[in-house]
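One file, target22.cif, is given below (mmCIF, C-alpha atoms and all ligand atoms).
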```
data_start
loop_
_atom_site.label_atom_id
_atom_site.label_comp_id
_atom_site.auth_asym_id
_atom_site.auth_seq_id
_atom_site.Cartn_x
_atom_site.Cartn_y
_atom_site.Cartn_z
CA MET A 1 41.04 -25.06 -87.77
CA ARG A 2 42.49 -24.96 -84.38
CA GLY A 3 40.09 -24.79 -81.66
CA GLY A 4 41.26 -22.28 -79.12
CA ARG A 5 40.81 -23.00 -75.53
CA ALA A 6 38.57 -20.42 -74.23
CA PRO A 7 39.41 -19.54 -70.71
CA ALA A 8 36.66 -20.43 -68.43
CA TRP A 9 35.19 -17.24 -67.36
CA ALA A 10 33.17 -17.35 -64.30
CA CYS A 11 31.24 -14.34 -63.62
CA PHE A 12 30.19 -13.98 -60.15
CA VAL A 13 27.51 -11.55 -59.65
CA LEU A 14 27.69 -10.45 -56.16
CA ALA A 15 24.24 -9.91 -55.05
CA ALA A 16 24.39 -7.06 -52.71
CA LEU A 17 23.14 -8.21 -49.43
CA GLY A 18 20.70 -5.51 -48.62
CA LEU A 19 20.23 -5.58 -44.93
CA ALA A 20 16.53 -5.41 -44.81
CA MET A 21 15.56 -3.13 -42.02
CA ARG A 22 12.94 -5.12 -40.36
CA ALA A 23 10.53 -2.91 -38.59
CA VAL A 24 9.82 -4.63 -35.39
CA ALA A 25 6.29 -3.91 -34.47
CA ALA A 26 6.84 -3.91 -30.78
CA GLU A 27 3.93 -3.43 -28.52
CA ALA A 28 4.62 -0.12 -26.91
CA PRO A 29 3.50 0.24 -23.33
CA PRO A 30 0.52 2.53 -23.07
CA THR A 31 1.82 6.01 -22.58
CA VAL A 32 0.05 9.08 -21.52
CA SER A 33 1.03 12.69 -21.86
CA THR A 34 4.41 14.38 -21.70
CA PRO A 35 6.65 14.93 -18.67
CA GLU A 36 5.81 18.65 -18.91
CA GLN A 37 2.05 18.10 -18.78
CA ILE A 38 2.40 15.61 -15.96
CA GLN A 39 4.55 18.09 -14.04
CA ALA A 40 1.94 20.81 -14.61
CA GLY A 41 -0.66 18.42 -13.23
CA ALA A 42 1.50 17.73 -10.18
CA VAL A 43 1.74 21.47 -9.45
CA LEU A 44 -2.04 21.92 -9.81
CA TYR A 45 -2.63 18.90 -7.64
CA ALA A 46 -0.47 20.32 -4.88
CA GLN A 47 -2.33 23.64 -5.11
CA LYS A 48 -5.91 22.49 -5.45
CA CYS A 49 -6.30 18.91 -4.37
CA THR A 50 -4.15 18.14 -1.36
CA GLY A 51 -6.57 19.90 0.97
CA CYS A 52 -8.58 16.69 0.81
CA HIS A 53 -6.54 14.07 -1.03
CA SER A 54 -3.22 12.77 0.22
CA PRO A 55 -0.17 14.57 -1.25
CA SER A 56 1.11 11.14 -2.29
CA LEU A 57 -2.29 10.25 -3.80
CA GLY A 58 -2.46 7.30 -1.46
CA GLU A 59 -4.59 6.69 1.59
CA GLY A 60 -4.58 9.23 4.35
CA GLY A 61 -6.31 12.32 3.01
CA HIS A 62 -9.93 13.32 3.57
CA GLY A 63 -10.78 12.34 0.01
CA PRO A 64 -10.28 8.86 -1.41
CA ALA A 65 -6.92 7.53 -2.55
CA LEU A 66 -6.20 8.37 -6.18
CA LYS A 67 -3.88 5.47 -6.76
CA GLY A 68 -3.50 1.94 -5.53
CA ASP A 69 -6.11 -0.75 -4.99
CA TYR A 70 -9.04 1.55 -4.24
CA PHE A 71 -8.42 3.62 -7.35
CA ARG A 72 -7.94 0.55 -9.48
CA SER A 73 -11.10 -1.11 -8.28
CA THR A 74 -13.07 2.08 -8.90
CA TRP A 75 -11.58 3.06 -12.24
CA GLY A 76 -10.10 -0.12 -13.67
CA GLY A 77 -11.67 -0.96 -17.02
CA GLN A 78 -13.00 2.56 -17.47
CA SER A 79 -11.73 5.07 -19.95
CA ALA A 80 -9.61 7.99 -18.87
CA ARG A 81 -12.26 10.15 -20.56
CA LYS A 82 -14.63 9.22 -17.78
CA LEU A 83 -12.08 10.14 -15.15
CA TYR A 84 -11.56 13.47 -16.88
CA GLY A 85 -15.31 14.08 -16.91
CA MET A 86 -15.54 13.32 -13.22
CA VAL A 87 -12.62 15.59 -12.34
CA ILE A 88 -13.73 18.57 -14.41
CA SER A 89 -17.33 18.46 -13.26
CA THR A 90 -16.97 17.55 -9.57
CA MET A 91 -13.46 18.45 -8.41
CA PRO A 92 -12.18 20.18 -6.40
CA ALA A 93 -15.19 19.22 -4.31
CA ASP A 94 -15.19 22.61 -2.57
CA ASN A 95 -15.17 24.51 -5.88
CA PRO A 96 -16.43 22.27 -8.69
CA GLY A 97 -16.40 23.70 -12.20
CA SER A 98 -13.38 25.88 -11.47
CA LEU A 99 -10.88 23.82 -13.48
CA SER A 100 -10.15 24.72 -17.09
CA PRO A 101 -10.10 21.80 -19.55
CA ALA A 102 -6.32 22.20 -19.81
CA ASP A 103 -5.97 22.01 -16.03
CA ALA A 104 -8.21 18.97 -15.79
CA LEU A 105 -6.26 17.23 -18.58
CA ALA A 106 -2.99 17.91 -16.79
CA LEU A 107 -4.44 16.57 -13.55
CA VAL A 108 -5.68 13.42 -15.28
CA ALA A 109 -2.25 12.98 -16.89
CA PHE A 110 -0.66 13.33 -13.45
CA ILE A 111 -3.07 10.86 -11.83
CA LEU A 112 -2.64 8.32 -14.63
CA ASN A 113 1.12 8.69 -14.54
CA SER A 114 1.02 8.10 -10.79
CA ASN A 115 -0.91 4.93 -11.54
CA GLY A 116 1.76 3.51 -13.79
CA PHE A 117 1.07 4.97 -17.22
CA PRO A 118 4.49 6.11 -18.40
CA ALA A 119 5.03 9.47 -20.05
CA GLY A 120 4.97 9.34 -23.82
CA GLY A 121 5.73 11.78 -26.58
CA THR A 122 2.39 13.51 -26.94
CA SER A 123 0.51 15.62 -24.50
CA LEU A 124 -3.17 15.06 -23.98
CA GLY A 125 -4.60 17.74 -26.18
CA GLU A 126 -8.28 16.92 -26.33
CA PRO A 127 -10.54 15.15 -23.87
CA ALA A 128 -11.50 12.87 -26.78
CA ASP A 129 -7.90 11.60 -26.81
CA LEU A 130 -8.73 9.96 -23.52
CA GLN A 131 -11.52 7.87 -24.94
CA ASP A 132 -9.15 5.10 -25.94
CA VAL A 133 -6.99 5.22 -22.84
CA MET A 134 -8.27 2.43 -20.67
CA ILE A 135 -7.25 2.38 -17.05
CA ALA A 136 -5.88 -1.04 -16.28
CA ALA A 137 -7.54 -2.84 -13.41
CA GLU A 138 -4.21 -4.26 -12.25
CA GLY A 139 -0.54 -3.54 -12.52
C1 LIG B 1 -12.91 19.63 -0.58
C2 LIG B 1 -12.28 18.33 -0.65
C3 LIG B 1 -11.75 17.88 -1.99
C4 LIG B 1 -10.89 18.55 -2.83
C5 LIG B 1 -10.25 19.92 -2.64
C6 LIG B 1 -10.66 17.67 -3.95
N1 LIG B 1 -11.35 16.51 -3.79
FE1 LIG B 1 -11.39 14.93 -5.10
N2 LIG B 1 -12.70 13.99 -3.89
C7 LIG B 1 -13.19 14.46 -2.69
C8 LIG B 1 -14.17 13.52 -2.18
C9 LIG B 1 -14.94 13.66 -0.86
C10 LIG B 1 -14.26 12.48 -3.12
C11 LIG B 1 -15.18 11.28 -3.11
C12 LIG B 1 -16.40 11.69 -3.86
C13 LIG B 1 -17.34 10.58 -4.10
O1 LIG B 1 -16.95 9.43 -4.01
O2 LIG B 1 -18.48 10.92 -4.45
C14 LIG B 1 -13.32 12.80 -4.18
C15 LIG B 1 -13.10 12.01 -5.28
C16 LIG B 1 -12.17 12.27 -6.25
C17 LIG B 1 -11.87 11.39 -7.34
C18 LIG B 1 -12.50 10.04 -7.58
C19 LIG B 1 -11.80 9.07 -6.70
C20 LIG B 1 -12.47 7.74 -6.69
O3 LIG B 1 -11.79 6.78 -7.01
O4 LIG B 1 -13.65 7.67 -6.35
C21 LIG B 1 -10.93 11.99 -8.11
C22 LIG B 1 -10.26 11.43 -9.35
C23 LIG B 1 -10.64 13.24 -7.48
N3 LIG B 1 -11.40 13.39 -6.37
C24 LIG B 1 -9.72 14.15 -7.97
C25 LIG B 1 -9.51 15.38 -7.40
C26 LIG B 1 -8.63 16.37 -7.98
C27 LIG B 1 -7.82 16.18 -9.25
C28 LIG B 1 -8.67 17.46 -7.16
C29 LIG B 1 -7.96 18.78 -7.34
C30 LIG B 1 -8.36 19.53 -8.51
C31 LIG B 1 -9.57 17.14 -6.07
N4 LIG B 1 -10.06 15.87 -6.25
C32 LIG B 1 -9.87 18.00 -5.02
C33 LIG B 1 -12.82 15.61 -2.06
C34 LIG B 1 -12.03 16.59 -2.60
#
```

Structure re-expressed in structure tokens:
Amino acid sequence: MRGGRAPAWACFVLAALGLAMRAVAAEAPPTVSTPEQIQAGAVLYAQKCTGCHSPSLGEGGHGPALKGDYFRSTWGGQSARKLYGMVISTMPADNPGSLSPADALALVAFILNSNGFPAGGTSLGEPADLQDVMIAAEG
């Protein structure tokens, strides 16, 4: 019996190199509000707040600065919920209680944005949303 020479078959199984999409869990910078809500807050601020506070939110108005070192030292480490509560119950100082919750939220979004919180994808819908937004003491 003749032994045939079997051709050497090499089967290469090409493992498909699935490019695993690695979800990079990047730390997103804290964002607050949408550009629209921040803009609405800026309009309200110009209408109702600049009688006492500086138009630029800095020093120079009759009310305290709403950004910069003074603001940071007053509000740093506090939640934005607290700032909201203060604004809706005491501001504008010449007509407290006149702001609707939506107006006060927009004003808080504007003030926070002016203090370095970038705009994100979601508007502040409920005051409770602000509970977890901590105002950084620096930066
Ligand atoms: C009639 C003047 C007046 C108007 C108008 C006014 N404010 Fe004030 N605001 C003040 C004064 C005075 C203080 C300081 C109050 C205090 O320290 O007890 C203050 C304090 C604040 C603070 C706290 C600042 C801090 O760091 O202590 C915020 C926030 C604020 N105002 C937001 C607003 C917003 C938003 C508006 C517009 C809706 C507004 N204010 C309108 C006079 C005013």

Of the candidates A:Glu138, A:Pro96, A:Ser33, A:Val133, which one gets nearest to A:Ser79 if we count only C-alpha atoms? A:Val133

Which polymer residues have any atom within 10 Å of an atom of A:Phe71, counting all atoms listed in the file, with same-chain residues fewer than 2 positions away left out, as a ChimeraX atom specification? /A:57-58,64-69,73-76,115,135,137

Give the residue list for ligand LIG 1 (chain B) at 6 Å, counting all atoms listed in the file, as a compact mmCIF listing (two decimals) with C-alpha atoms, in the frame of the given file, sorted by chain and then by residue number.
```txt
# COMPACT_ATOMS: atom_id res chain seq x y z
CA TYR A 45 -2.63 18.90 -7.64
CA LYS A 48 -5.91 22.49 -5.45
CA CYS A 49 -6.30 18.91 -4.37
CA GLY A 51 -6.57 19.90 0.97
CA CYS A 52 -8.58 16.69 0.81
CA GLY A 63 -10.78 12.34 0.01
CA PRO A 64 -10.28 8.86 -1.41
CA LEU A 66 -6.20 8.37 -6.18
CA PHE A 71 -8.42 3.62 -7.35
CA THR A 74 -13.07 2.08 -8.90
CA VAL A 87 -12.62 15.59 -12.34
CA MET A 91 -13.46 18.45 -8.41
CA PRO A 92 -12.18 20.18 -6.40
CA ALA A 93 -15.19 19.22 -4.31
CA ASP A 94 -15.19 22.61 -2.57
CA LEU A 107 -4.44 16.57 -13.55
```

What lies within 9 Å of A:Ala40 using only C-alpha atoms, ignoring chain neighbours under 3 positions off, as a PDB file with C-alpha atoms, keeping the file's coordinate frame?
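Listed below is the output, around-v7.pdb:
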```pdb
ATOM      1  CA  PRO A  35       6.650  14.930 -18.670  1.00  0.00           C
ATOM      2  CA  GLU A  36       5.810  18.650 -18.910  1.00  0.00           C
ATOM      3  CA  GLN A  37       2.050  18.100 -18.780  1.00  0.00           C
ATOM      4  CA  VAL A  43       1.740  21.470  -9.450  1.00  0.00           C
ATOM      5  CA  LEU A  44      -2.040  21.920  -9.810  1.00  0.00           C
ATOM      6  CA  TYR A  45      -2.630  18.900  -7.640  1.00  0.00           C
ATOM      7  CA  ASP A 103      -5.970  22.010 -16.030  1.00  0.00           C
ATOM      8  CA  ALA A 106      -2.990  17.910 -16.790  1.00  0.00           C
ATOM      9  CA  LEU A 107      -4.440  16.570 -13.550  1.00  0.00           C
ATOM     10  CA  PHE A 110      -0.660  13.330 -13.450  1.00  0.00           C
TER      11      PHE A 110
END
```

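Atom CA of A:Gly77 to atom CA of A:Ala109 spans 16.8 Å [interatomic distance, one decimal].
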
To one decimal place, how far is atom CA of A:Thr34 from atom CA of A:Gly120 in Å?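 Value for the atom CA of A:Thr34-atom CA of A:Gly120 distance: 5.5 Å.
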
Expressed in Å, the length from atom CA of A:Ala80 to atom CA of A:Ser98 is 19.7 Å

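The residue that comes closest to A:Gly41, out of A:Ser56, A:Gln78, A:Ala104, A:Pro118 and on the basis of only C-alpha atoms, is A:Ala104.
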
If you count only C-alpha atoms, which residues fall within 8 Å of A:Val32, apart from same-chain ones fewer than 4 positions away, as a PyMOL selection string? chain A and resi 109+112-113+117-120+122-124

Ranking A:Thr50, A:Thr90, A:Ser114, A:Ser100 by minimum distance to A:Pro127 and counting all atoms listed in the file, which one comes first?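 For A:Pro127, the nearest of the given residues is A:Ser100.
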
Protein/DNA/RNA residues near (-13.1, 13.1, -25.4), cut 12 Å, only C-alpha atoms, as a PDB file with C-alpha atoms, in the frame of the given file:
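Okay, this is what ended up in part.pdb:
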```pdb
ATOM      1  CA  SER A  79     -11.730   5.070 -19.950  1.00  0.00           C
ATOM      2  CA  ALA A  80      -9.610   7.990 -18.870  1.00  0.00           C
ATOM      3  CA  ARG A  81     -12.260  10.150 -20.560  1.00  0.00           C
ATOM      4  CA  LYS A  82     -14.630   9.220 -17.780  1.00  0.00           C
ATOM      5  CA  LEU A  83     -12.080  10.140 -15.150  1.00  0.00           C
ATOM      6  CA  TYR A  84     -11.560  13.470 -16.880  1.00  0.00           C
ATOM      7  CA  GLY A  85     -15.310  14.080 -16.910  1.00  0.00           C
ATOM      8  CA  PRO A 101     -10.100  21.800 -19.550  1.00  0.00           C
ATOM      9  CA  LEU A 105      -6.260  17.230 -18.580  1.00  0.00           C
ATOM     10  CA  LEU A 124      -3.170  15.060 -23.980  1.00  0.00           C
ATOM     11  CA  GLY A 125      -4.600  17.740 -26.180  1.00  0.00           C
ATOM     12  CA  GLU A 126      -8.280  16.920 -26.330  1.00  0.00           C
ATOM     13  CA  PRO A 127     -10.540  15.150 -23.870  1.00  0.00           C
ATOM     14  CA  ALA A 128     -11.500  12.870 -26.780  1.00  0.00           C
ATOM     15  CA  ASP A 129      -7.900  11.600 -26.810  1.00  0.00           C
ATOM     16  CA  LEU A 130      -8.730   9.960 -23.520  1.00  0.00           C
ATOM     17  CA  GLN A 131     -11.520   7.870 -24.940  1.00  0.00           C
ATOM     18  CA  ASP A 132      -9.150   5.100 -25.940  1.00  0.00           C
ATOM     19  CA  VAL A 133      -6.990   5.220 -22.840  1.00  0.00           C
TER      20      VAL A 133
END
```
